[in-house]
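Participant: Below you'll find entry_38.cif; it's mmCIF, C-alpha atoms.
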data_input
loop_
_atom_site.group_PDB
_atom_site.id
_atom_site.type_symbol
_atom_site.label_atom_id
_atom_site.label_comp_id
_atom_site.auth_asym_id
_atom_site.auth_seq_id
_atom_site.Cartn_x
_atom_site.Cartn_y
_atom_site.Cartn_z
ATOM 1 C CA MET A 1497 79.301 32.467 212.833
ATOM 2 C CA LYS A 1498 79.100 29.107 214.595
ATOM 3 C CA GLU A 1499 81.617 30.368 217.178
ATOM 4 C CA ILE A 1500 79.144 33.119 218.098
ATOM 5 C CA PHE A 1501 76.427 30.474 218.498
ATOM 6 C CA TRP A 1502 78.543 28.469 220.954
ATOM 7 C CA ILE A 1503 79.446 31.592 222.951
ATOM 8 C CA PHE A 1504 75.744 32.471 223.094
ATOM 9 C CA ILE A 1505 74.751 28.994 224.331
ATOM 10 C CA GLY A 1506 77.587 28.894 226.878
ATOM 11 C CA GLY A 1507 76.686 32.353 228.186
ATOM 12 C CA GLY A 1508 73.086 31.326 228.751
ATOM 13 C CA VAL A 1509 74.065 28.128 230.538
ATOM 14 C CA GLY A 1510 76.625 30.002 232.655
ATOM 15 C CA SER A 1511 74.114 32.671 233.657
ATOM 16 C CA VAL A 1512 71.562 30.102 234.813
ATOM 17 C CA LEU A 1513 74.258 28.214 236.737
ATOM 18 C CA ARG A 1514 75.357 31.479 238.382
ATOM 19 C CA HIS A 1515 71.806 32.215 239.481
ATOM 20 C CA TRP A 1516 71.396 28.725 240.944
ATOM 21 C CA GLY A 1517 74.806 28.895 242.623
ATOM 22 C CA GLN A 1518 74.050 32.238 244.231
ATOM 23 C CA LEU A 1519 70.666 30.978 245.425
ATOM 24 C CA LEU A 1520 72.277 27.867 246.860
ATOM 25 C CA VAL A 1521 75.009 29.720 248.726
ATOM 26 C CA ASN A 1522 72.914 32.684 249.874
ATOM 27 C CA GLY A 1523 69.770 30.772 250.725
ATOM 28 C CA ARG A 1524 70.672 27.319 251.871
ATOM 29 C CA LEU A 1525 74.120 27.767 253.292
ATOM 30 C CA LEU A 1526 73.832 31.194 254.871
ATOM 31 C CA ASP A 1527 70.080 31.703 255.333
ATOM 32 C CA GLY A 1528 70.553 35.154 253.794
ATOM 33 C CA GLY A 1529 71.939 36.542 257.065
ATOM 34 C CA SER A 1530 75.420 37.630 256.013
ATOM 35 C CA LEU A 1531 76.534 41.118 255.037
ATOM 36 C CA PHE A 1532 79.398 39.629 252.981
ATOM 37 C CA PRO A 1533 78.193 38.750 249.437
ATOM 38 C CA TRP A 1534 79.129 35.050 249.643
ATOM 39 C CA GLY A 1535 77.013 33.980 246.662
ATOM 40 C CA THR A 1536 78.739 36.242 244.144
ATOM 41 C CA PHE A 1537 82.131 35.655 245.743
ATOM 42 C CA SER A 1538 81.684 31.864 245.491
ATOM 43 C CA VAL A 1539 80.587 31.769 241.866
ATOM 44 C CA ASN A 1540 83.302 34.222 240.831
ATOM 45 C CA VAL A 1541 86.051 32.186 242.523
ATOM 46 C CA LEU A 1542 84.696 28.945 241.047
ATOM 47 C CA GLY A 1543 84.511 30.635 237.639
ATOM 48 C CA CYS A 1544 88.145 31.740 237.986
ATOM 49 C CA PHE A 1545 89.182 28.172 238.770
ATOM 50 C CA LEU A 1546 87.179 26.868 235.812
ATOM 51 C CA ILE A 1547 88.604 29.355 233.309
ATOM 52 C CA GLY A 1548 92.136 28.427 234.378
ATOM 53 C CA LEU A 1549 91.238 24.750 234.035
ATOM 54 C CA PHE A 1550 89.519 25.181 230.666
ATOM 55 C CA TYR A 1551 92.356 27.195 229.134
ATOM 56 C CA SER A 1552 94.886 24.674 230.386
ATOM 57 C CA LEU A 1553 92.887 21.731 229.054
ATOM 58 C CA SER A 1554 92.237 23.453 225.736
ATOM 59 C CA GLU A 1555 95.985 23.807 225.200
ATOM 60 C CA ARG A 1556 96.821 20.341 226.450
ATOM 61 C CA TRP A 1557 94.082 18.458 224.618
ATOM 62 C CA GLN A 1558 93.935 20.870 221.665
ATOM 63 C CA LEU A 1559 90.214 21.464 221.967
ATOM 64 C CA SER A 1560 88.424 23.005 219.016
ATOM 65 C CA SER A 1561 88.081 26.772 219.007
ATOM 66 C CA GLU A 1562 84.295 26.391 219.289
ATOM 67 C CA LEU A 1563 84.538 24.260 222.448
ATOM 68 C CA ARG A 1564 87.191 26.541 223.961
ATOM 69 C CA LEU A 1565 85.009 29.613 223.329
ATOM 70 C CA PHE A 1566 81.918 27.824 224.671
ATOM 71 C CA LEU A 1567 83.721 26.949 227.914
ATOM 72 C CA THR A 1568 85.709 30.146 228.495
ATOM 73 C CA VAL A 1569 83.990 33.135 226.889
ATOM 74 C CA GLY A 1570 80.487 31.667 227.050
ATOM 75 C CA LEU A 1571 80.162 29.469 230.132
ATOM 76 C CA CYS A 1572 82.697 31.230 232.388
ATOM 77 C CA GLY A 1573 81.736 34.661 231.070
ATOM 78 C CA GLY A 1574 78.077 34.023 231.854
ATOM 79 C CA PHE A 1575 78.857 32.325 235.161
ATOM 80 C CA THR A 1576 81.058 35.041 236.640
ATOM 81 C CA THR A 1577 79.861 38.582 237.139
ATOM 82 C CA PHE A 1578 81.930 41.712 237.461
ATOM 83 C CA SER A 1579 78.898 43.989 237.332
ATOM 84 C CA THR A 1580 77.251 42.351 240.360
ATOM 85 C CA PHE A 1581 80.601 42.405 242.185
ATOM 86 C CA SER A 1582 80.912 46.140 241.494
ATOM 87 C CA ASN A 1583 77.331 46.895 242.516
ATOM 88 C CA GLU A 1584 77.687 44.940 245.746
ATOM 89 C CA ASN A 1585 80.876 46.850 246.549
ATOM 90 C CA LEU A 1586 79.109 50.147 245.906
ATOM 91 C CA ASN A 1587 76.254 49.097 248.206
ATOM 92 C CA LEU A 1588 78.752 48.179 250.932
ATOM 93 C CA LEU A 1589 80.352 51.613 250.621
ATOM 94 C CA LYS A 1590 76.980 53.390 250.692
ATOM 95 C CA SER A 1591 75.977 51.493 253.825
ATOM 96 C CA GLY A 1592 79.231 52.410 255.575
ATOM 97 C CA SER A 1593 80.472 48.789 255.682
ATOM 98 C CA TYR A 1594 84.041 49.780 254.907
ATOM 99 C CA VAL A 1595 85.755 46.747 256.408
ATOM 100 C CA THR A 1596 83.469 44.343 254.534
ATOM 101 C CA PHE A 1597 84.015 46.365 251.353
ATOM 102 C CA CYS A 1598 87.812 46.116 251.714
ATOM 103 C CA LEU A 1599 87.670 42.410 252.506
ATOM 104 C CA TYR A 1600 85.317 41.644 249.617
ATOM 105 C CA ALA A 1601 87.264 43.646 247.036
ATOM 106 C CA PHE A 1602 90.678 42.364 248.136
ATOM 107 C CA LEU A 1603 89.657 38.731 248.620
ATOM 108 C CA SER A 1604 87.761 38.620 245.322
ATOM 109 C CA VAL A 1605 90.822 39.701 243.363
ATOM 110 C CA ALA A 1606 93.432 37.768 245.366
ATOM 111 C CA VAL A 1607 91.472 34.522 245.684
ATOM 112 C CA GLY A 1608 90.267 34.843 242.083
ATOM 113 C CA LEU A 1609 93.831 35.065 240.767
ATOM 114 C CA ALA A 1610 94.886 32.148 242.958
ATOM 115 C CA ALA A 1611 91.930 30.123 241.661
ATOM 116 C CA VAL A 1612 92.909 30.758 238.017
ATOM 117 C CA LEU A 1613 96.442 29.609 238.801
ATOM 118 C CA LEU A 1614 95.160 26.557 240.665
ATOM 119 C CA GLY A 1615 92.747 25.662 237.866
ATOM 120 C CA GLY A 1616 95.529 25.941 235.295
ATOM 121 C CA ALA A 1617 97.857 23.783 237.381
ATOM 122 C CA PHE A 1618 95.107 21.216 237.906
ATOM 123 C CA GLY A 1619 94.431 21.112 234.164
ATOM 124 C CA ARG A 1620 98.088 20.512 233.366
ATOM 125 C CA ARG A 1621 98.126 17.524 235.747
ATOM 126 C CA LEU A 1622 95.030 15.816 234.314
#
As structure tokens, how would this structure be written, given the file I've shared?
Facilitator:
Amino acid sequence: MKEIFWIFIGGGVGSVLRHWGQLLVNGRLLDGGSLFPWGTFSVNVLGCFLIGLFYSLSERWQLSSELRLFLTVGLCGGFTTFSTFSNENLNLLKSGSYVTFCLYAFLSVAVGLAAVLLGGAFGRRL
């Protein structure tokens, strides 16, 4: 039961951090003027890096199952968002932004996978 508690706490923290990250990227860095969904893309790629790092560190440093679940399932699960990614892709398709749709979908998956690999490699070197 305490594992569920730590997942719950991590998910809440991750969701708030995602919201702040998206606001930061979309508002401050881009002034909201881009068709490409940079806010979601940025938090999802960072979340991919972090989950690779956290899994690597949890193996290397033998973190408790509670801490591992807090960091990966909770924090990263709350921080990243597949549903927003999917909705943004659907909106790009509906608006006829086919090139942006293809770029966003492809780059999200490709860069996300690379970020998980990079995070894992970084964690093994720490």
Participant: Please provide as a VMD selection string all residues within 9 Å of Gly1535 in chain A, with the sequence filter that same-chain residues fewer than 3 positions apart are discarded (counting all atoms listed in the file).
Facilitator: chain A and resid 1514 1517 to 1523 1532 1538 to 1540
Participant: May I have the residues within 9 Å of Phe1537 in chain A as a PDB file with C-alpha atoms, in the frame of the given file, using all atoms listed in the file and disregarding those fewer than 3 positions away in the same chain?
Facilitator:
ATOM      1  CA  GLN A1518      74.050  32.238 244.231  1.00  0.00           C
ATOM      2  CA  PHE A1532      79.398  39.629 252.981  1.00  0.00           C
ATOM      3  CA  PRO A1533      78.193  38.750 249.437  1.00  0.00           C
ATOM      4  CA  TRP A1534      79.129  35.050 249.643  1.00  0.00           C
ATOM      5  CA  ASN A1540      83.302  34.222 240.831  1.00  0.00           C
ATOM      6  CA  VAL A1541      86.051  32.186 242.523  1.00  0.00           C
ATOM      7  CA  LEU A1542      84.696  28.945 241.047  1.00  0.00           C
ATOM      8  CA  PHE A1581      80.601  42.405 242.185  1.00  0.00           C
ATOM      9  CA  TYR A1600      85.317  41.644 249.617  1.00  0.00           C
ATOM     10  CA  LEU A1603      89.657  38.731 248.620  1.00  0.00           C
ATOM     11  CA  SER A1604      87.761  38.620 245.322  1.00  0.00           C
ATOM     12  CA  GLY A1608      90.267  34.843 242.083  1.00  0.00           C
TER      13      GLY A1608
END
Participant: Choose the residue, out of A:Arg1524, A:His1515, A:Arg1556, A:Arg1564, that has the smallest atom-to-atom separation from Thr1536 in chain A; count all atoms listed in the file.
Facilitator: A:His1515
Participant: I'd like the interatomic distance between CA of Cys1598 in chain A and CA of Ile1547 in chain A, to a tenth of an Å.
Facilitator: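 Here the two named atoms are 24.9 Å from each other.
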Participant: Might you pull out every residue within 9 Å of Glu1584 in chain A, with all atoms listed in the file counted and same-chain residues fewer than 4 positions away left off, and present them as a VMD selection string?
Facilitator: chain A and resid 1533 1536 1579 to 1580 1588 to 1589 1597
Participant: Convert the current residue selection to file output with C-alpha atoms, as a PDB file, in the frame of the given file.
Facilitator:
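Here's the written file again.pdb:
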ATOM      1  CA  PRO A1533      78.193  38.750 249.437  1.00  0.00           C
ATOM      2  CA  THR A1536      78.739  36.242 244.144  1.00  0.00           C
ATOM      3  CA  SER A1579      78.898  43.989 237.332  1.00  0.00           C
ATOM      4  CA  THR A1580      77.251  42.351 240.360  1.00  0.00           C
ATOM      5  CA  LEU A1588      78.752  48.179 250.932  1.00  0.00           C
ATOM      6  CA  LEU A1589      80.352  51.613 250.621  1.00  0.00           C
ATOM      7  CA  PHE A1597      84.015  46.365 251.353  1.00  0.00           C
TER       8      PHE A1597
END
